[in-house]
>>> print(open('data-v6.pdb').read())   # PDB, C-alpha atoms, pLDDT in the B column
MODEL        1
ATOM      1  CA  MET K  12      39.072  38.034  -9.556  1.00 97.00           C
ATOM      2  CA  LYS K  13      37.600  41.523  -9.786  1.00 98.00           C
ATOM      3  CA  ILE K  14      38.433  44.484  -7.561  1.00 98.00           C
ATOM      4  CA  THR K  15      36.066  47.447  -7.841  1.00 98.00           C
ATOM      5  CA  TRP K  16      36.631  50.753  -6.079  1.00 98.00           C
ATOM      6  CA  LEU K  17      33.640  52.310  -4.322  1.00 98.00           C
ATOM      7  CA  GLY K  18      35.496  55.521  -3.540  1.00 97.00           C
ATOM      8  CA  HIS K  19      37.698  56.414  -0.552  1.00 97.00           C
ATOM      9  CA  SER K  20      38.611  53.052   1.068  1.00 97.00           C
ATOM     10  CA  GLY K  21      35.562  51.136  -0.084  1.00 98.00           C
ATOM     11  CA  PHE K  22      35.961  48.157  -2.413  1.00 98.00           C
ATOM     12  CA  ARG K  23      33.942  45.327  -3.861  1.00 98.00           C
ATOM     13  CA  ILE K  24      36.192  42.269  -4.189  1.00 98.00           C
ATOM     14  CA  ALA K  25      34.871  39.265  -6.118  1.00 98.00           C
ATOM     15  CA  ILE K  26      37.150  36.333  -5.297  1.00 98.00           C
ATOM     16  CA  GLU K  27      36.389  32.606  -5.306  1.00 98.00           C
ATOM     17  CA  GLN K  28      32.670  32.377  -4.459  1.00 98.00           C
ATOM     18  CA  ALA K  29      32.728  35.485  -2.265  1.00 98.00           C
ATOM     19  CA  VAL K  30      31.826  39.084  -3.044  1.00 98.00           C
ATOM     20  CA  LEU K  31      33.292  41.135  -0.216  1.00 98.00           C
ATOM     21  CA  LEU K  32      32.171  44.691   0.470  1.00 98.00           C
ATOM     22  CA  VAL K  33      35.151  46.336   2.131  1.00 98.00           C
ATOM     23  CA  ASP K  34      34.596  49.412   4.331  1.00 97.00           C
ATOM     24  CA  PRO K  35      31.334  50.361   2.580  1.00 97.00           C
ATOM     25  CA  TRP K  36      30.896  54.095   3.096  1.00 97.00           C
ATOM     26  CA  LEU K  37      28.504  55.067   0.313  1.00 97.00           C
ATOM     27  CA  THR K  38      26.056  57.582   1.795  1.00 96.00           C
ATOM     28  CA  GLY K  39      27.756  60.973   1.820  1.00 95.00           C
ATOM     29  CA  ASN K  40      30.883  59.708   0.095  1.00 97.00           C
ATOM     30  CA  PRO K  41      31.798  62.518  -2.340  1.00 96.00           C
ATOM     31  CA  LEU K  42      33.203  60.031  -4.872  1.00 97.00           C
ATOM     32  CA  PHE K  43      30.329  57.538  -4.887  1.00 97.00           C
ATOM     33  CA  PRO K  44      27.348  58.093  -7.245  1.00 97.00           C
ATOM     34  CA  ALA K  45      24.273  57.513  -5.103  1.00 95.00           C
ATOM     35  CA  ASP K  46      22.179  56.337  -8.058  1.00 96.00           C
ATOM     36  CA  ARG K  47      24.520  53.349  -8.570  1.00 97.00           C
ATOM     37  CA  ARG K  48      24.143  51.863  -5.095  1.00 97.00           C
ATOM     38  CA  GLU K  49      22.396  48.708  -6.323  1.00 96.00           C
ATOM     39  CA  GLU K  50      25.237  48.062  -8.756  1.00 96.00           C
ATOM     40  CA  ALA K  51      27.735  48.215  -5.902  1.00 97.00           C
ATOM     41  CA  LEU K  52      25.770  45.858  -3.648  1.00 97.00           C
ATOM     42  CA  ALA K  53      24.446  43.272  -6.115  1.00 96.00           C
ATOM     43  CA  GLY K  54      25.514  39.739  -5.218  1.00 97.00           C
ATOM     44  CA  ALA K  55      27.487  40.736  -2.111  1.00 98.00           C
ATOM     45  CA  THR K  56      28.108  37.906   0.353  1.00 98.00           C
ATOM     46  CA  HIS K  57      29.978  39.572   3.249  1.00 98.00           C
ATOM     47  CA  ILE K  58      30.931  42.982   4.645  1.00 98.00           C
ATOM     48  CA  LEU K  59      34.591  43.251   5.694  1.00 98.00           C
ATOM     49  CA  ILE K  60      35.552  46.203   7.893  1.00 98.00           C
ATOM     50  CA  THR K  61      39.028  47.378   8.898  1.00 98.00           C
ATOM     51  CA  HIS K  62      38.162  49.663  11.838  1.00 95.00           C
ATOM     52  CA  GLY K  63      35.419  51.739  13.418  1.00 92.00           C
ATOM     53  CA  HIS K  64      35.775  55.186  11.846  1.00 90.00           C
ATOM     54  CA  GLY K  65      32.670  56.460  10.086  1.00 81.00           C
ATOM     55  CA  ASP K  66      34.347  56.811   6.693  1.00 90.00           C
ATOM     56  CA  HIS K  67      34.835  53.013   6.793  1.00 92.00           C
ATOM     57  CA  THR K  68      31.750  51.714   8.605  1.00 94.00           C
ATOM     58  CA  GLY K  69      29.287  54.316   7.274  1.00 92.00           C
ATOM     59  CA  ASP K  70      26.761  52.045   5.526  1.00 96.00           C
ATOM     60  CA  THR K  71      27.746  48.791   7.219  1.00 97.00           C
ATOM     61  CA  VAL K  72      24.714  48.336   9.474  1.00 97.00           C
ATOM     62  CA  ALA K  73      22.206  49.502   6.868  1.00 97.00           C
ATOM     63  CA  ILE K  74      23.558  47.112   4.234  1.00 98.00           C
ATOM     64  CA  ALA K  75      23.851  44.227   6.701  1.00 98.00           C
ATOM     65  CA  LYS K  76      20.190  44.587   7.678  1.00 98.00           C
ATOM     66  CA  GLU K  77      18.924  45.223   4.161  1.00 96.00           C
ATOM     67  CA  ARG K  78      20.790  42.313   2.557  1.00 96.00           C
ATOM     68  CA  GLY K  79      21.134  39.931   5.486  1.00 97.00           C
ATOM     69  CA  LEU K  80      24.936  39.970   5.199  1.00 98.00           C
ATOM     70  CA  PRO K  81      27.349  39.067   7.973  1.00 98.00           C
ATOM     71  CA  VAL K  82      29.816  41.735   9.085  1.00 98.00           C
ATOM     72  CA  VAL K  83      33.365  40.421   9.385  1.00 98.00           C
ATOM     73  CA  GLY K  84      36.089  42.146  11.371  1.00 98.00           C
ATOM     74  CA  ILE K  85      37.805  42.569  14.699  1.00 97.00           C
ATOM     75  CA  TYR K  86      35.971  40.854  17.539  1.00 97.00           C
ATOM     76  CA  ASP K  87      35.314  43.916  19.708  1.00 95.00           C
ATOM     77  CA  LEU K  88      33.656  45.959  16.965  1.00 96.00           C
ATOM     78  CA  VAL K  89      31.702  43.115  15.389  1.00 97.00           C
ATOM     79  CA  THR K  90      30.298  41.755  18.648  1.00 96.00           C
ATOM     80  CA  TRP K  91      29.312  45.284  19.731  1.00 94.00           C
ATOM     81  CA  LEU K  92      27.446  45.778  16.445  1.00 95.00           C
ATOM     82  CA  GLN K  93      25.770  42.395  16.850  1.00 97.00           C
ATOM     83  CA  GLU K  94      24.531  43.278  20.328  1.00 95.00           C
ATOM     84  CA  LYS K  95      23.553  46.863  19.505  1.00 93.00           C
ATOM     85  CA  GLU K  96      22.101  46.410  16.008  1.00 95.00           C
ATOM     86  CA  GLY K  97      21.065  42.759  15.900  1.00 96.00           C
ATOM     87  CA  ILE K  98      23.115  41.957  12.785  1.00 97.00           C
ATOM     88  CA  ASP K  99      24.968  38.772  11.916  1.00 97.00           C
ATOM     89  CA  GLY K 100      28.710  38.872  12.358  1.00 98.00           C
ATOM     90  CA  ILE K 101      31.979  36.988  12.323  1.00 98.00           C
ATOM     91  CA  GLY K 102      34.364  38.466  14.864  1.00 98.00           C
ATOM     92  CA  PHE K 103      37.999  37.396  14.974  1.00 98.00           C
ATOM     93  CA  ASN K 104      41.402  38.918  15.715  1.00 98.00           C
ATOM     94  CA  LYS K 105      44.999  39.477  14.576  1.00 98.00           C
ATOM     95  CA  GLY K 106      46.569  36.279  13.258  1.00 98.00           C
ATOM     96  CA  GLY K 107      43.188  34.603  12.842  1.00 98.00           C
ATOM     97  CA  THR K 108      41.919  33.322   9.503  1.00 98.00           C
ATOM     98  CA  VAL K 109      38.326  32.883   8.362  1.00 98.00           C
ATOM     99  CA  THR K 110      37.122  31.307   5.133  1.00 98.00           C
ATOM    100  CA  LEU K 111      34.542  33.383   3.252  1.00 98.00           C
ATOM    101  CA  GLY K 112      33.096  31.747   0.165  1.00 97.00           C
ATOM    102  CA  GLY K 113      36.340  29.877  -0.474  1.00 98.00           C
ATOM    103  CA  ALA K 114      38.578  32.916   0.082  1.00 98.00           C
ATOM    104  CA  ARG K 115      40.890  32.784   3.101  1.00 98.00           C
ATOM    105  CA  VAL K 116      40.972  36.077   4.987  1.00 98.00           C
ATOM    106  CA  THR K 117      43.668  36.613   7.613  1.00 98.00           C
ATOM    107  CA  MET K 118      43.638  39.650   9.898  1.00 98.00           C
ATOM    108  CA  VAL K 119      46.981  41.429  10.228  1.00 98.00           C
ATOM    109  CA  GLN K 120      48.342  44.452  12.033  1.00 98.00           C
ATOM    110  CA  ALA K 121      47.838  48.098  11.075  1.00 98.00           C
ATOM    111  CA  THR K 122      48.777  51.295  12.892  1.00 97.00           C
ATOM    112  CA  HIS K 123      46.075  53.948  13.084  1.00 94.00           C
ATOM    113  CA  SER K 124      43.164  54.393  15.552  1.00 91.00           C
ATOM    114  CA  SER K 125      39.646  53.025  15.815  1.00 92.00           C
ATOM    115  CA  SER K 126      36.546  54.521  17.395  1.00 87.00           C
ATOM    116  CA  MET K 127      33.006  55.707  16.800  1.00 82.00           C
ATOM    117  CA  SER K 128      31.314  58.865  18.015  1.00 84.00           C
ATOM    118  CA  GLY K 129      29.090  58.452  21.063  1.00 81.00           C
ATOM    119  CA  GLU K 130      26.942  60.782  23.156  1.00 80.00           C
ATOM    120  CA  ALA K 131      29.543  60.815  25.929  1.00 81.00           C
ATOM    121  CA  GLY K 132      32.565  60.829  23.622  1.00 84.00           C
ATOM    122  CA  PRO K 133      34.402  58.299  21.472  1.00 85.00           C
ATOM    123  CA  ILE K 134      33.363  54.641  21.715  1.00 84.00           C
ATOM    124  CA  TYR K 135      36.116  52.018  21.720  1.00 86.00           C
ATOM    125  CA  THR K 136      35.806  49.722  18.709  1.00 85.00           C
ATOM    126  CA  GLY K 137      38.761  47.388  19.036  1.00 89.00           C
ATOM    127  CA  THR K 138      41.943  48.104  17.121  1.00 95.00           C
ATOM    128  CA  GLU K 139      42.593  48.902  13.492  1.00 96.00           C
ATOM    129  CA  SER K 140      43.499  46.054  11.166  1.00 98.00           C
ATOM    130  CA  GLY K 141      44.513  45.033   7.690  1.00 98.00           C
ATOM    131  CA  TYR K 142      43.858  41.782   5.837  1.00 98.00           C
ATOM    132  CA  MET K 143      45.548  39.221   3.635  1.00 98.00           C
ATOM    133  CA  ILE K 144      42.923  37.828   1.272  1.00 98.00           C
ATOM    134  CA  ALA K 145      43.955  34.628  -0.509  1.00 98.00           C
ATOM    135  CA  GLY K 146      42.148  32.998  -3.419  1.00 98.00           C
ATOM    136  CA  GLU K 147      42.280  32.185  -7.135  1.00 98.00           C
ATOM    137  CA  GLY K 148      46.072  31.877  -6.981  1.00 98.00           C
ATOM    138  CA  HIS K 149      46.559  35.404  -5.596  1.00 98.00           C
ATOM    139  CA  VAL K 150      47.054  37.075  -2.232  1.00 98.00           C
ATOM    140  CA  ILE K 151      45.747  40.606  -1.745  1.00 98.00           C
ATOM    141  CA  TYR K 152      47.216  42.759   1.011  1.00 98.00           C
ATOM    142  CA  LEU K 153      44.482  45.161   2.097  1.00 98.00           C
ATOM    143  CA  SER K 154      46.398  47.575   4.306  1.00 98.00           C
ATOM    144  CA  GLY K 155      43.499  49.351   5.955  1.00 97.00           C
ATOM    145  CA  ASP K 156      44.346  52.784   7.311  1.00 96.00           C
ATOM    146  CA  THR K 157      47.985  52.608   8.321  1.00 98.00           C
ATOM    147  CA  ASP K 158      51.435  54.109   8.238  1.00 98.00           C
ATOM    148  CA  ILE K 159      54.593  52.149   7.483  1.00 98.00           C
ATOM    149  CA  MET K 160      55.247  49.431  10.083  1.00 98.00           C
ATOM    150  CA  ALA K 161      58.178  47.117  10.703  1.00 97.00           C
ATOM    151  CA  ASP K 162      55.517  44.367  10.884  1.00 98.00           C
ATOM    152  CA  MET K 163      55.181  44.717   7.122  1.00 98.00           C
ATOM    153  CA  GLY K 164      58.518  42.882   6.880  1.00 98.00           C
ATOM    154  CA  TRP K 165      57.299  39.563   8.240  1.00 98.00           C
ATOM    155  CA  MET K 166      53.844  40.055   6.720  1.00 98.00           C
ATOM    156  CA  GLY K 167      55.339  40.347   3.242  1.00 98.00           C
ATOM    157  CA  GLU K 168      57.685  37.427   3.759  1.00 98.00           C
ATOM    158  CA  TYR K 169      55.081  35.120   5.284  1.00 98.00           C
ATOM    159  CA  HIS K 170      51.991  35.877   3.179  1.00 98.00           C
ATOM    160  CA  ARG K 171      53.759  36.906  -0.069  1.00 98.00           C
ATOM    161  CA  PRO K 172      50.948  39.083  -1.456  1.00 98.00           C
ATOM    162  CA  ASP K 173      51.155  39.927  -5.149  1.00 98.00           C
ATOM    163  CA  VAL K 174      48.421  42.596  -5.035  1.00 98.00           C
ATOM    164  CA  GLY K 175      48.516  45.562  -2.684  1.00 98.00           C
ATOM    165  CA  ILE K 176      45.541  47.796  -1.886  1.00 98.00           C
ATOM    166  CA  LEU K 177      47.276  50.556   0.042  1.00 98.00           C
ATOM    167  CA  SER K 178      45.962  53.565   1.939  1.00 98.00           C
ATOM    168  CA  ALA K 179      48.089  56.374   0.538  1.00 98.00           C
ATOM    169  CA  GLY K 180      46.321  59.724   0.848  1.00 97.00           C
ATOM    170  CA  GLY K 181      48.467  61.230   3.577  1.00 97.00           C
ATOM    171  CA  HIS K 182      47.371  63.243   6.649  1.00 97.00           C
ATOM    172  CA  PHE K 183      45.500  60.319   8.246  1.00 96.00           C
ATOM    173  CA  THR K 184      47.573  57.511   6.699  1.00 97.00           C
ATOM    174  CA  MET K 185      50.857  57.097   4.862  1.00 98.00           C
ATOM    175  CA  ASP K 186      51.123  59.226   1.729  1.00 98.00           C
ATOM    176  CA  MET K 187      52.085  58.135  -1.773  1.00 98.00           C
ATOM    177  CA  LYS K 188      55.855  58.370  -1.183  1.00 98.00           C
ATOM    178  CA  ARG K 189      55.667  56.469   2.091  1.00 98.00           C
ATOM    179  CA  ALA K 190      53.408  53.818   0.527  1.00 98.00           C
ATOM    180  CA  ALA K 191      55.909  53.408  -2.319  1.00 98.00           C
ATOM    181  CA  PHE K 192      58.738  53.012   0.200  1.00 98.00           C
ATOM    182  CA  ALA K 193      56.792  50.370   2.149  1.00 98.00           C
ATOM    183  CA  ALA K 194      55.915  48.483  -1.036  1.00 98.00           C
ATOM    184  CA  ARG K 195      59.551  48.465  -2.221  1.00 98.00           C
ATOM    185  CA  LYS K 196      61.066  47.528   1.114  1.00 98.00           C
ATOM    186  CA  TYR K 197      58.663  44.930   2.435  1.00 98.00           C
ATOM    187  CA  PHE K 198      56.714  43.446  -0.468  1.00 98.00           C
ATOM    188  CA  ASP K 199      57.068  42.063  -3.976  1.00 98.00           C
ATOM    189  CA  PHE K 200      53.845  43.295  -5.544  1.00 98.00           C
ATOM    190  CA  CYS K 201      52.891  42.832  -9.175  1.00 98.00           C
ATOM    191  CA  THR K 202      49.950  45.223  -8.819  1.00 98.00           C
ATOM    192  CA  VAL K 203      49.312  48.125  -6.441  1.00 98.00           C
ATOM    193  CA  ILE K 204      46.013  49.995  -6.086  1.00 98.00           C
ATOM    194  CA  PRO K 205      46.010  53.163  -3.959  1.00 98.00           C
ATOM    195  CA  CYS K 206      43.028  54.227  -1.859  1.00 98.00           C
ATOM    196  CA  HIS K 207      42.005  56.673   0.872  1.00 97.00           C
ATOM    197  CA  TYR K 208      42.840  59.528  -1.508  1.00 98.00           C
ATOM    198  CA  ARG K 209      41.002  62.043  -3.757  1.00 97.00           C
ATOM    199  CA  THR K 210      37.987  62.083  -1.417  1.00 97.00           C
ATOM    200  CA  PHE K 211      38.690  65.486   0.118  1.00 94.00           C
ATOM    201  CA  PRO K 212      41.093  68.355  -0.718  1.00 96.00           C
ATOM    202  CA  LEU K 213      43.049  67.469   2.434  1.00 95.00           C
ATOM    203  CA  LEU K 214      44.126  64.156   0.852  1.00 97.00           C
ATOM    204  CA  GLU K 215      46.457  63.506  -2.052  1.00 96.00           C
ATOM    205  CA  GLN K 216      44.744  63.798  -5.432  1.00 97.00           C
ATOM    206  CA  SER K 217      47.161  61.865  -7.633  1.00 96.00           C
ATOM    207  CA  ALA K 218      49.133  58.623  -7.427  1.00 98.00           C
ATOM    208  CA  GLU K 219      52.034  59.868  -9.561  1.00 97.00           C
ATOM    209  CA  ALA K 220      54.468  59.734  -6.635  1.00 98.00           C
ATOM    210  CA  LEU K 221      53.450  56.127  -5.999  1.00 98.00           C
ATOM    211  CA  LYS K 222      54.021  55.250  -9.647  1.00 98.00           C
ATOM    212  CA  GLU K 223      57.396  56.978  -9.700  1.00 98.00           C
ATOM    213  CA  GLY K 224      58.454  55.129  -6.568  1.00 98.00           C
ATOM    214  CA  LEU K 225      57.517  51.690  -7.889  1.00 98.00           C
ATOM    215  CA  PRO K 226      59.193  51.150 -11.274  1.00 97.00           C
ATOM    216  CA  GLY K 227      58.294  47.774 -12.725  1.00 96.00           C
ATOM    217  CA  VAL K 228      55.106  47.497 -10.654  1.00 98.00           C
ATOM    218  CA  GLU K 229      51.695  48.020 -12.223  1.00 98.00           C
ATOM    219  CA  VAL K 230      50.158  50.879 -10.247  1.00 98.00           C
ATOM    220  CA  ILE K 231      46.496  51.232 -11.128  1.00 98.00           C
ATOM    221  CA  GLU K 232      44.651  54.413 -10.196  1.00 97.00           C
ATOM    222  CA  PRO K 233      41.149  53.038  -9.658  1.00 98.00           C
ATOM    223  CA  GLN K 234      38.015  54.579 -11.083  1.00 97.00           C
ATOM    224  CA  VAL K 235      34.780  54.290  -9.124  1.00 98.00           C
ATOM    225  CA  LEU K 236      32.701  51.253 -10.133  1.00 98.00           C
ATOM    226  CA  VAL K 237      35.108  50.252 -12.908  1.00 98.00           C
ATOM    227  CA  PRO K 238      36.238  46.657 -12.191  1.00 98.00           C
ATOM    228  CA  ILE K 239      39.950  45.817 -12.180  1.00 98.00           C
ATOM    229  CA  GLU K 240      40.489  42.233 -13.317  1.00 97.00           C
ATOM    230  CA  ILE K 241      43.477  40.403 -11.862  1.00 95.00           C
TER
ENDMDL
END
>>> encode(input="data-v6.pdb", output="structure tokens")
Amino acid sequence: MKITWLGHSGFRIAIEQAVLLVDPWLTGNPLFPADRREEALAGATHILITHGHGDHTGDTVAIAKERGLPVVGIYDLVTWLQEKEGIDGIGFNKGGTVTLGGARVTMVQATHSSSMSGEAGPIYTGTESGYMIAGEGHVIYLSGDTDIMADMGWMGEYHRPDVGILSAGGHFTMDMKRAAFAARKYFDFCTVIPCHYRTFPLLEQSAEALKEGLPGVEVIEPQVLVPIEI
């Protein structure tokens, strides 16, 4: 299994026979090198989105049309994109599980917001979500944009993820200290990868507080387009 950061909250996750592009915001992403776009997209099988904000859905439609990839995510957002843009999609909802190239992807709760900009104001795009991605003997908890939630208690107990990809930049999501608290209290991770940080000065620039708060856990600060093998 390989997890590759695309900057901000974007990831390329190669698991089982699937290559999932998670929240692919490439165009205009300050951390993503535009001349390496093909490298990021090569072999992708699905696009997995957590919510409607532009820093998560930015290149979703363009990639879906260019590569013929289905967009996977919450029913409201995916069906709206299907009707508006004519793309393929797999819409489902919290508690539902879909199988993507042998990987089992379950949608779970997050606490944030979800919308897109429209001419008359924000457009409703369903609710924010996270995912449990199971395959190759591992379970990845992809938090999506979120703060700490009591729901993390049952999610950790039921799904037992060993890898956490956690939004931890602060301001819009939990920060590094809060992410460390959530990881200690609700999960038993072997590996934690922070995201939604370093993109802008407003966000946290280092994961040191996360590392300090998780002794005994491998906290990996990802580098853009450098695969992490699990």
>>> closest_atom_pairs(input="data-v6.pdb", of="region 23-98 of chain K", to="region 155-173 of chain K", cutoff="12 Å", atoms="all atoms listed in the file", output="CSV")
residue,atom,partner,partner_atom,distance
K:Val33,CA,K:Gly155,CA,9.7
K:Asp34,CA,K:Gly155,CA,9.1
K:Leu59,CA,K:Gly155,CA,10.8
K:Ile60,CA,K:Gly155,CA,8.8
K:Thr61,CA,K:Gly155,CA,5.7
K:His62,CA,K:Gly155,CA,7.9
K:Gly63,CA,K:Asp156,CA,10.9
K:His64,CA,K:Asp156,CA,10.0
K:Asp66,CA,K:Asp156,CA,10.8
K:His67,CA,K:Gly155,CA,9.4
K:Gly84,CA,K:Gly155,CA,11.7
>>> write_last_selection(input="data-v6.pdb", atoms="C-alpha atoms", output="PDB file, keeping the file's coordinate frame")
ATOM      1  CA  VAL K  33      35.151  46.336   2.131  1.00 98.00           C
ATOM      2  CA  ASP K  34      34.596  49.412   4.331  1.00 97.00           C
ATOM      3  CA  LEU K  59      34.591  43.251   5.694  1.00 98.00           C
ATOM      4  CA  ILE K  60      35.552  46.203   7.893  1.00 98.00           C
ATOM      5  CA  THR K  61      39.028  47.378   8.898  1.00 98.00           C
ATOM      6  CA  HIS K  62      38.162  49.663  11.838  1.00 95.00           C
ATOM      7  CA  GLY K  63      35.419  51.739  13.418  1.00 92.00           C
ATOM      8  CA  HIS K  64      35.775  55.186  11.846  1.00 90.00           C
ATOM      9  CA  ASP K  66      34.347  56.811   6.693  1.00 90.00           C
ATOM     10  CA  HIS K  67      34.835  53.013   6.793  1.00 92.00           C
ATOM     11  CA  GLY K  84      36.089  42.146  11.371  1.00 98.00           C
TER      12      GLY K  84
END
>>> closest_residue(input="data-v6.pdb", among="K:His149, K:Arg115, K:His123, K:Arg195", to="Ile241 (chain K)", atoms="all atoms listed in the file")
K:His149
>>> closest_residue(input="data-v6.pdb", among="K:Asp70, K:Glu130, K:Glu139, K:Glu50", to="Asp87 (chain K)", atoms="all atoms listed in the file")
K:Glu139
>>> resolve_selection(input="data-v6.pdb", expression="the PyMOL selection byres ((chain K and resi 179) around 7)", output="ChimeraX atom specification")
/K:177-178,180-181,184-187,190,205-208
>>> resolve_selection(input="data-v6.pdb", expression="the PyMOL selection byres ((chain K and resi 113) around 8)", output="PDB file with C-alpha atoms, in the frame of the given file")
ATOM      1  CA  GLU K  27      36.389  32.606  -5.306  1.00 98.00           C
ATOM      2  CA  GLN K  28      32.670  32.377  -4.459  1.00 98.00           C
ATOM      3  CA  ALA K  29      32.728  35.485  -2.265  1.00 98.00           C
ATOM      4  CA  THR K 110      37.122  31.307   5.133  1.00 98.00           C
ATOM      5  CA  LEU K 111      34.542  33.383   3.252  1.00 98.00           C
ATOM      6  CA  GLY K 112      33.096  31.747   0.165  1.00 97.00           C
ATOM      7  CA  ALA K 114      38.578  32.916   0.082  1.00 98.00           C
ATOM      8  CA  ARG K 115      40.890  32.784   3.101  1.00 98.00           C
ATOM      9  CA  GLY K 146      42.148  32.998  -3.419  1.00 98.00           C
TER      10      GLY K 146
END
>>> atom_distance(input="data-v6.pdb", atom1="CA of Ala194 (chain K)", atom2="CA of Gly69 (chain K)")
28.5 Å
>>> residues_around(input="data-v6.pdb", residues="Ile144 (chain K)", least_positions_apart="4", cutoff="8 Å", atoms="only C-alpha atoms", output="NGL selection string")
:K and (114-117 or 150-153)
>>> residues_around(input="data-v6.pdb", residues="region 90-103 of chain K", least_positions_apart="3", cutoff="7 Å", atoms="all atoms listed in the file", output="PyMOL selection string")
chain K and resi 75-76+80-87+107
>>> closest_residue(input="data-v6.pdb", among="K:Ile58, K:Ala191, K:Val174, K:Leu236", to="Glu219 (chain K)", atoms="all atoms listed in the file")
K:Ala191
>>> closest_residue(input="data-v6.pdb", among="K:Gly54, K:Gly175, K:Gly18, K:Pro212", to="Ile231 (chain K)", atoms="all atoms listed in the file")
K:Gly175
>>> atom_distance(input="data-v6.pdb", atom1="CA of Thr71 (chain K)", atom2="CA of Leu32 (chain K)")
9.1 Å
